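**Q** What follows is data.cif, made up of mmCIF, C-alpha atoms and all ligand atoms; chains and numbers go by the auth columns:
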```cif
data_data
#
loop_
_atom_site.group_PDB
_atom_site.id
_atom_site.type_symbol
_atom_site.label_atom_id
_atom_site.label_comp_id
_atom_site.label_asym_id
_atom_site.label_seq_id
_atom_site.Cartn_x
_atom_site.Cartn_y
_atom_site.Cartn_z
_atom_site.B_iso_or_equiv
_atom_site.auth_seq_id
_atom_site.auth_asym_id
ATOM 1 C CA MET A 1 0.000 0.000 0.000 0.00 1 X
ATOM 2 C CA ILE A 2 1.337 3.412 -0.949 0.00 2 X
ATOM 3 C CA GLU A 3 1.027 5.788 1.996 0.00 3 X
ATOM 4 C CA ASN A 4 2.341 9.188 0.904 0.00 4 X
ATOM 5 C CA VAL A 5 3.294 11.468 -1.976 0.00 5 X
ATOM 6 C CA ALA A 6 6.975 10.460 -1.806 0.00 6 X
ATOM 7 C CA ALA A 7 5.982 6.851 -2.456 0.00 7 X
ATOM 8 C CA ILE A 8 3.674 7.958 -5.298 0.00 8 X
ATOM 9 C CA ILE A 9 6.649 9.690 -6.913 0.00 9 X
ATOM 10 C CA GLN A 10 8.831 6.623 -6.417 0.00 10 X
ATOM 11 C CA LYS A 11 6.242 4.454 -8.170 0.00 11 X
ATOM 12 C CA MET A 12 5.843 6.970 -10.993 0.00 12 X
ATOM 13 C CA ILE A 13 9.620 7.061 -11.533 0.00 13 X
ATOM 14 C CA ALA A 14 9.791 3.262 -11.523 0.00 14 X
ATOM 15 C CA MET A 15 6.976 3.126 -14.108 0.00 15 X
ATOM 16 C CA SER A 16 8.743 5.590 -16.412 0.00 16 X
ATOM 17 C CA ASN A 17 11.178 2.959 -17.705 0.00 17 X
ATOM 18 C CA GLY A 18 14.216 5.199 -17.499 0.00 18 X
ATOM 19 C CA ASN A 19 12.653 7.936 -19.648 0.00 19 X
ATOM 20 C CA LEU A 20 14.575 10.801 -18.060 0.00 20 X
ATOM 21 C CA HIS A 21 12.745 13.448 -20.048 0.00 21 X
ATOM 22 C CA ASP A 22 9.404 12.324 -18.597 0.00 22 X
ATOM 23 C CA ILE A 23 10.856 11.896 -15.097 0.00 23 X
ATOM 24 C CA ASN A 24 12.559 15.294 -15.095 0.00 24 X
ATOM 25 C CA HIS A 25 9.391 16.928 -16.416 0.00 25 X
ATOM 26 C CA PHE A 26 7.057 15.649 -13.729 0.00 26 X
ATOM 27 C CA MET A 27 9.635 16.171 -10.978 0.00 27 X
ATOM 28 C CA LYS A 28 9.823 19.848 -11.961 0.00 28 X
ATOM 29 C CA VAL A 29 6.041 20.195 -12.188 0.00 29 X
ATOM 30 C CA TYR A 30 5.750 18.484 -8.810 0.00 30 X
ATOM 31 C CA ALA A 31 8.324 20.827 -7.235 0.00 31 X
ATOM 32 C CA PHE A 32 6.639 23.992 -8.546 0.00 32 X
ATOM 33 C CA SER A 33 3.189 22.691 -7.609 0.00 33 X
ATOM 34 C CA ARG A 34 4.306 21.894 -4.067 0.00 34 X
ATOM 35 C CA MET A 35 6.037 25.212 -3.672 0.00 35 X
ATOM 36 C CA ILE A 36 3.168 27.310 -5.052 0.00 36 X
ATOM 37 C CA GLY A 37 0.652 25.352 -2.965 0.00 37 X
ATOM 38 C CA LEU A 38 2.642 25.902 0.214 0.00 38 X
ATOM 39 C CA ARG A 39 3.115 29.617 -0.480 0.00 39 X
ATOM 40 C CA GLU A 40 -0.588 30.026 -1.268 0.00 40 X
ATOM 41 C CA GLY A 41 -1.511 28.294 1.994 0.00 41 X
ATOM 42 C CA LEU A 42 -3.581 25.415 0.624 0.00 42 X
ATOM 43 C CA PRO A 43 -5.359 23.217 3.154 0.00 43 X
ATOM 44 C CA GLU A 44 -3.452 19.959 3.731 0.00 44 X
ATOM 45 C CA ILE A 45 -5.849 17.732 1.785 0.00 45 X
ATOM 46 C CA THR A 46 -5.848 20.041 -1.239 0.00 46 X
ATOM 47 C CA GLN A 47 -2.047 20.243 -1.082 0.00 47 X
ATOM 48 C CA THR A 48 -1.768 16.436 -1.100 0.00 48 X
ATOM 49 C CA ILE A 49 -4.195 16.185 -4.030 0.00 49 X
ATOM 50 C CA LEU A 50 -2.179 18.788 -5.943 0.00 50 X
ATOM 51 C CA GLU A 51 1.168 17.091 -5.290 0.00 51 X
ATOM 52 C CA ALA A 52 -0.122 13.633 -6.237 0.00 52 X
ATOM 53 C CA ALA A 53 -1.777 14.986 -9.396 0.00 53 X
ATOM 54 C CA ALA A 54 1.427 16.811 -10.370 0.00 54 X
ATOM 55 C CA ALA A 55 3.449 13.598 -10.018 0.00 55 X
ATOM 56 C CA ILE A 56 1.120 11.598 -12.291 0.00 56 X
ATOM 57 C CA HIS A 57 -0.368 14.309 -14.543 0.00 57 X
ATOM 58 C CA ASP A 58 1.409 13.067 -17.683 0.00 58 X
ATOM 59 C CA ILE A 59 0.815 9.379 -16.958 0.00 59 X
ATOM 60 C CA ALA A 60 -0.739 8.912 -20.419 0.00 60 X
ATOM 61 C CA CYS A 61 2.209 10.345 -22.366 0.00 61 X
ATOM 62 C CA PRO A 62 4.041 7.063 -23.047 0.00 62 X
ATOM 63 C CA LEU A 63 0.824 5.354 -24.175 0.00 63 X
ATOM 64 C CA CYS A 64 -0.156 8.296 -26.427 0.00 64 X
ATOM 65 C CA ARG A 65 3.279 8.361 -28.045 0.00 65 X
ATOM 66 C CA GLU A 66 3.006 4.639 -28.739 0.00 66 X
ATOM 67 C CA LYS A 67 -0.646 4.482 -29.809 0.00 67 X
ATOM 68 C CA TYR A 68 -1.123 7.811 -31.636 0.00 68 X
ATOM 69 C CA ARG A 69 2.455 8.952 -32.244 0.00 69 X
ATOM 70 C CA ASN A 70 1.613 12.222 -30.495 0.00 70 X
ATOM 71 C CA THR A 71 0.827 13.586 -27.052 0.00 71 X
ATOM 72 C CA ASN A 72 -2.044 15.874 -28.004 0.00 72 X
ATOM 73 C CA GLY A 73 -3.757 17.238 -24.883 0.00 73 X
ATOM 74 C CA ASN A 74 -7.208 15.740 -25.558 0.00 74 X
ATOM 75 C CA LEU A 75 -5.875 12.260 -26.117 0.00 75 X
ATOM 76 C CA GLN A 76 -3.784 12.475 -22.967 0.00 76 X
ATOM 77 C CA GLU A 77 -6.766 13.614 -20.937 0.00 77 X
ATOM 78 C CA GLN A 78 -8.939 10.703 -22.163 0.00 78 X
ATOM 79 C CA GLU A 79 -6.280 8.033 -21.904 0.00 79 X
ATOM 80 C CA GLY A 80 -5.169 9.362 -18.524 0.00 80 X
ATOM 81 C CA ILE A 81 -8.404 8.440 -16.721 0.00 81 X
ATOM 82 C CA PRO A 82 -8.069 4.620 -16.640 0.00 82 X
ATOM 83 C CA LEU A 83 -4.308 4.842 -16.187 0.00 83 X
ATOM 84 C CA ALA A 84 -4.648 7.160 -13.195 0.00 84 X
ATOM 85 C CA GLN A 85 -7.441 4.995 -11.709 0.00 85 X
ATOM 86 C CA ASN A 86 -5.231 1.957 -11.998 0.00 86 X
ATOM 87 C CA PHE A 87 -2.189 3.779 -10.599 0.00 87 X
ATOM 88 C CA LEU A 88 -4.153 4.938 -7.561 0.00 88 X
ATOM 89 C CA SER A 89 -5.664 1.532 -6.783 0.00 89 X
ATOM 90 C CA ASP A 90 -2.948 0.707 -4.221 0.00 90 X
ATOM 91 C CA VAL A 91 -2.570 4.264 -2.916 0.00 91 X
ATOM 92 C CA LYS A 92 -3.913 5.008 0.547 0.00 92 X
ATOM 93 C CA LEU A 93 -6.058 8.090 -0.061 0.00 93 X
ATOM 94 C CA THR A 94 -9.797 8.590 0.289 0.00 94 X
ATOM 95 C CA ASP A 95 -12.041 7.919 -2.719 0.00 95 X
ATOM 96 C CA GLU A 96 -12.866 11.639 -2.909 0.00 96 X
ATOM 97 C CA MET A 97 -9.182 12.519 -3.094 0.00 97 X
ATOM 98 C CA LYS A 98 -8.559 9.920 -5.778 0.00 98 X
ATOM 99 C CA GLU A 99 -11.524 11.195 -7.785 0.00 99 X
ATOM 100 C CA ARG A 100 -10.172 14.717 -7.662 0.00 100 X
ATOM 101 C CA ILE A 101 -6.670 13.591 -8.676 0.00 101 X
ATOM 102 C CA ILE A 102 -8.124 11.722 -11.661 0.00 102 X
ATOM 103 C CA TYR A 103 -10.199 14.787 -12.543 0.00 103 X
ATOM 104 C CA LEU A 104 -7.047 16.933 -12.533 0.00 104 X
ATOM 105 C CA VAL A 105 -5.104 14.428 -14.655 0.00 105 X
ATOM 106 C CA SER A 106 -7.968 14.405 -17.165 0.00 106 X
ATOM 107 C CA HIS A 107 -8.192 18.216 -17.303 0.00 107 X
ATOM 108 C CA HIS A 108 -4.598 19.390 -17.160 0.00 108 X
ATOM 109 C CA HIS A 109 -4.732 20.672 -20.743 0.00 109 X
ATOM 110 C CA THR A 110 -8.105 22.369 -20.256 0.00 110 X
ATOM 111 C CA TYR A 111 -7.784 26.044 -19.397 0.00 111 X
ATOM 112 C CA ALA A 112 -11.531 26.716 -19.096 0.00 112 X
ATOM 113 C CA GLY A 113 -13.661 25.908 -16.070 0.00 113 X
ATOM 114 C CA VAL A 114 -10.869 25.872 -13.517 0.00 114 X
ATOM 115 C CA ASP A 115 -12.743 25.037 -10.319 0.00 115 X
ATOM 116 C CA GLY A 116 -10.163 25.014 -7.563 0.00 116 X
ATOM 117 C CA MET A 117 -6.723 26.055 -6.380 0.00 117 X
ATOM 118 C CA ASP A 118 -5.326 22.552 -6.990 0.00 118 X
ATOM 119 C CA TYR A 119 -6.394 22.758 -10.650 0.00 119 X
ATOM 120 C CA GLN A 120 -5.176 26.342 -11.066 0.00 120 X
ATOM 121 C CA ILE A 121 -1.772 25.636 -9.532 0.00 121 X
ATOM 122 C CA LEU A 122 -1.218 22.472 -11.574 0.00 122 X
ATOM 123 C CA LEU A 123 -1.828 24.474 -14.774 0.00 123 X
ATOM 124 C CA GLU A 124 0.587 27.198 -13.640 0.00 124 X
ATOM 125 C CA ALA A 125 3.300 24.727 -12.618 0.00 125 X
ATOM 126 C CA ASP A 126 3.021 22.769 -15.878 0.00 126 X
ATOM 127 C CA PHE A 127 3.203 26.032 -17.834 0.00 127 X
ATOM 128 C CA LEU A 128 6.298 27.198 -15.926 0.00 128 X
ATOM 129 C CA VAL A 129 8.067 23.987 -16.928 0.00 129 X
ATOM 130 C CA ASN A 130 6.735 23.760 -20.490 0.00 130 X
ATOM 131 C CA ALA A 131 7.684 27.364 -21.251 0.00 131 X
ATOM 132 C CA ASP A 132 11.307 26.321 -20.822 0.00 132 X
ATOM 133 C CA GLU A 133 11.133 22.786 -22.229 0.00 133 X
ATOM 134 C CA GLY A 134 9.193 24.007 -25.273 0.00 134 X
ATOM 135 C CA LYS A 135 11.242 27.214 -25.654 0.00 135 X
ATOM 136 C CA MET A 136 8.024 29.192 -25.699 0.00 136 X
ATOM 137 C CA PRO A 137 8.067 32.624 -27.374 0.00 137 X
ATOM 138 C CA LEU A 138 7.896 35.665 -25.124 0.00 138 X
ATOM 139 C CA ASP A 139 4.464 36.669 -26.510 0.00 139 X
ATOM 140 C CA ALA A 140 2.960 33.338 -25.481 0.00 140 X
ATOM 141 C CA ILE A 141 4.404 33.743 -21.986 0.00 141 X
ATOM 142 C CA LYS A 142 2.986 37.265 -21.689 0.00 142 X
ATOM 143 C CA THR A 143 -0.427 36.063 -22.890 0.00 143 X
ATOM 144 C CA ALA A 144 -0.378 33.250 -20.328 0.00 144 X
ATOM 145 C CA ARG A 145 0.481 35.800 -17.636 0.00 145 X
ATOM 146 C CA GLU A 146 -2.682 37.739 -18.498 0.00 146 X
ATOM 147 C CA ARG A 147 -5.044 34.833 -19.162 0.00 147 X
ATOM 148 C CA LEU A 148 -3.855 31.728 -17.355 0.00 148 X
ATOM 149 C CA PHE A 149 -1.927 32.755 -14.256 0.00 149 X
ATOM 150 C CA LYS A 150 -3.922 33.729 -11.177 0.00 150 X
ATOM 151 C CA THR A 151 -1.867 33.005 -8.051 0.00 151 X
ATOM 152 C CA LYS A 152 0.502 35.630 -6.702 0.00 152 X
ATOM 153 C CA THR A 153 3.216 32.996 -6.304 0.00 153 X
ATOM 154 C CA GLY A 154 2.817 31.649 -9.851 0.00 154 X
ATOM 155 C CA ILE A 155 2.866 35.142 -11.369 0.00 155 X
ATOM 156 C CA GLY A 156 5.975 35.987 -9.335 0.00 156 X
ATOM 157 C CA LEU A 157 7.731 32.859 -10.614 0.00 157 X
ATOM 158 C CA LEU A 158 6.795 33.603 -14.221 0.00 158 X
ATOM 159 C CA ASP A 159 8.043 37.175 -13.832 0.00 159 X
ATOM 160 C CA SER A 160 11.359 36.261 -12.318 0.00 160 X
ATOM 161 C CA MET A 161 12.022 33.221 -14.534 0.00 161 X
ATOM 162 C CA TYR A 162 10.938 34.538 -17.929 0.00 162 X
ATOM 163 C CA LEU A 163 10.198 38.227 -17.846 0.00 163 X
ATOM 164 C CA GLY A 164 13.279 39.560 -16.088 0.00 164 X
ATOM 165 C CA LEU A 165 11.183 41.043 -13.342 0.00 165 X
ATOM 166 C CA TYR A 166 11.797 40.724 -9.677 0.00 166 X
ATOM 167 C CA VAL A 167 9.384 42.394 -7.350 0.00 167 X
ATOM 168 C CA ASN A 168 10.305 42.059 -3.720 0.00 168 X
ATOM 169 C CA ASN A 169 6.836 41.700 -2.318 0.00 169 X
ATOM 170 C CA LEU A 170 7.211 38.312 -0.700 0.00 170 X
HETATM 171 FE FE FE B . 3.155 18.239 -18.086 0.00 201 E
#
```
Mind turning this structure into structure tokens?
Ligand SMILES: [Fe+2]
**A**
Amino acid sequence: MIENVAAIIQKMIAMSNGNLHDINHFMKVYAFSRMIGLREGLPEITQTILEAAAAIHDIACPLCREKYRNTNGNLQEQEGIPLAQNFLSDVKLTDEMKERIIYLVSHHHTYAGVDGMDYQILLEADFLVNADEGKMPLDAIKTARERLFKTKTGIGLLDSMYLGLYVNNL
């Protein structure tokens, strides 16, 4: 039985078959998610949901690459549901928490209808990592700052990492 987020990460790394790109990606998204969640003062249960979802959010990537030869967001969201359900079957969390984690995995490319801080922060953390990994143009980063980012911590990270801005208002 898997008892905590550290063990979830360990299992996710073991399942990644040595794909260091995938492992590095979700470790970064996990780290930003955890950090933003802590700085935004999430309740403990929401923080755990966020961290677990960040660790497994791209669980469908290997299957999508194999089956469709691409990792299009919609395909990942659909394929992610059964994979996440299966992954969580031996994880010791409540059914409500598991349901929310699966919901986040199956919506992490959907920018409309964000219905909670866990969802919002996962989107921000994934964007912070993808902006670098995908060498995103400055315009796209500025647009995301206006339209996607909501948390003070996430905006501060985007500013200092990509926009050369450091505002000392911590
Ligand atoms: Fe991702």
**Q** So, counting only C-alpha atoms and all ligand atoms, which residue among X:Ile155, X:Ala60, X:Leu20, X:Met161 is closest to ligand FE 201 (chain E)?
**A**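 Distance minimum relative to ligand FE 201 (chain E) lands on X:Ala60.
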**Q** Check which residues fall inside 9 Å of ligand FE 201 (chain E) when counting all atoms listed in the file, and print them as a list in words.
**A**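 Those within range of ligand FE 201 (chain E) are Asp22, His25, Phe26, Val29, Ala54, His57, Asp58, His108, His109, Leu122, Leu123, Ala125, Asp126, Phe127, Val129 and Asn130 of chain X.
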**Q** Counting all atoms listed in the file, which of X:Met27, X:Val5, X:Glu79, X:Gly37 gets nearest to Lys67 (chain X)?
**A**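 Between X:Met27, X:Val5, X:Glu79, X:Gly37, the residue approaching Lys67 (chain X) most closely is X:Glu79.
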**Q** Near Val91 (chain X), within 10 Å and counting only C-alpha atoms, which residues show up once chain neighbours fewer than 2 positions away are dropped, as a PyMOL selection string?
**A** chain X and resi 1-5+7-8+86-89+93-94+98
**Q** Could you tell me which residues the PyMOL selection byres (((chain X and resi 162) around 10) and not hetatm) grabs in this file, written as JSON, numbers by chain?
**A** {"X": [128, 131, 132, 136, 138, 141, 142, 157, 158, 159, 160, 161, 163, 164, 165]}
**Q** Calculate how many Å separate CA of Glu146 (chain X) from CA of Lys28 (chain X), rounding to one decimal.
**A** 22.8 Å
**Q** I'd like the neighbourhood of Val105 (chain X) as a PyMOL selection string, where a residue qualifies if any of its atoms comes within 7 Å (using all atoms listed in the file), though same-chain residues fewer than 3 positions away should be ignored.
**A** chain X and resi 53+57+77+80+101-102+108
**Q** What's the separation between CA of Ile81 (chain X) and CA of Cys64 (chain X), in Å to one decimal place?
**A**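 Those two atoms sit 12.7 Å apart.
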**Q** Quick one: what's the axis-aligned box for region 53-63 of chain X, all listed atoms, 5 Å on every side, centre and edges in Å to one decimal, as JSON?
**A**
```
{"center_x": 1.1, "center_y": 11.1, "center_z": -16.8, "size_x": 15.8, "size_y": 21.5, "size_z": 24.8}
```
**Q** If you measure from CA of Asp90 (chain X) to CA of Met15 (chain X), what distance in Å do you get, rounded to one decimal?
**A**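 Spanning CA of Asp90 (chain X) to CA of Met15 (chain X) is a straight-line distance of 14.2 Å.
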**Q** With distances taken over only C-alpha atoms, which of X:Ala31, X:Gln76, X:Arg69, X:Asn19 is nearest to Glu51 (chain X)?
**A**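 Of all the options, X:Ala31 lies closest to Glu51 (chain X).
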**Q** Which of these, X:Tyr103, X:Glu66, X:Lys135, X:Met97, has the shortest distance to Thr48 (chain X) once you count all atoms listed in the file?
**A**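 Selected residue with least distance to Thr48 (chain X): X:Met97.
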**Q** Give me, as a PyMOL selection string, all polymer residues having an atom no more than 8 Å from Gly154 (chain X), counting only C-alpha atoms and skipping those fewer than 4 positions away in the same chain.
**A** chain X and resi 36+121+124-125+149-150+158
**Q** With only C-alpha atoms as the basis for distance, which of X:Thr110, X:Gly41, X:Arg100, X:Gln10 is at the shortest distance from Asn74 (chain X)?
**A**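 That would be X:Thr110, the residue with the smallest distance to Asn74 (chain X).
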**Q** Rank nothing, just name the residue among X:Gln85, X:Ser33, X:Thr143, X:Asn17 nearest to Ile49 (chain X), using only C-alpha atoms.
**A**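 Looking at the shortest contact to Ile49 (chain X), the residue is X:Ser33.
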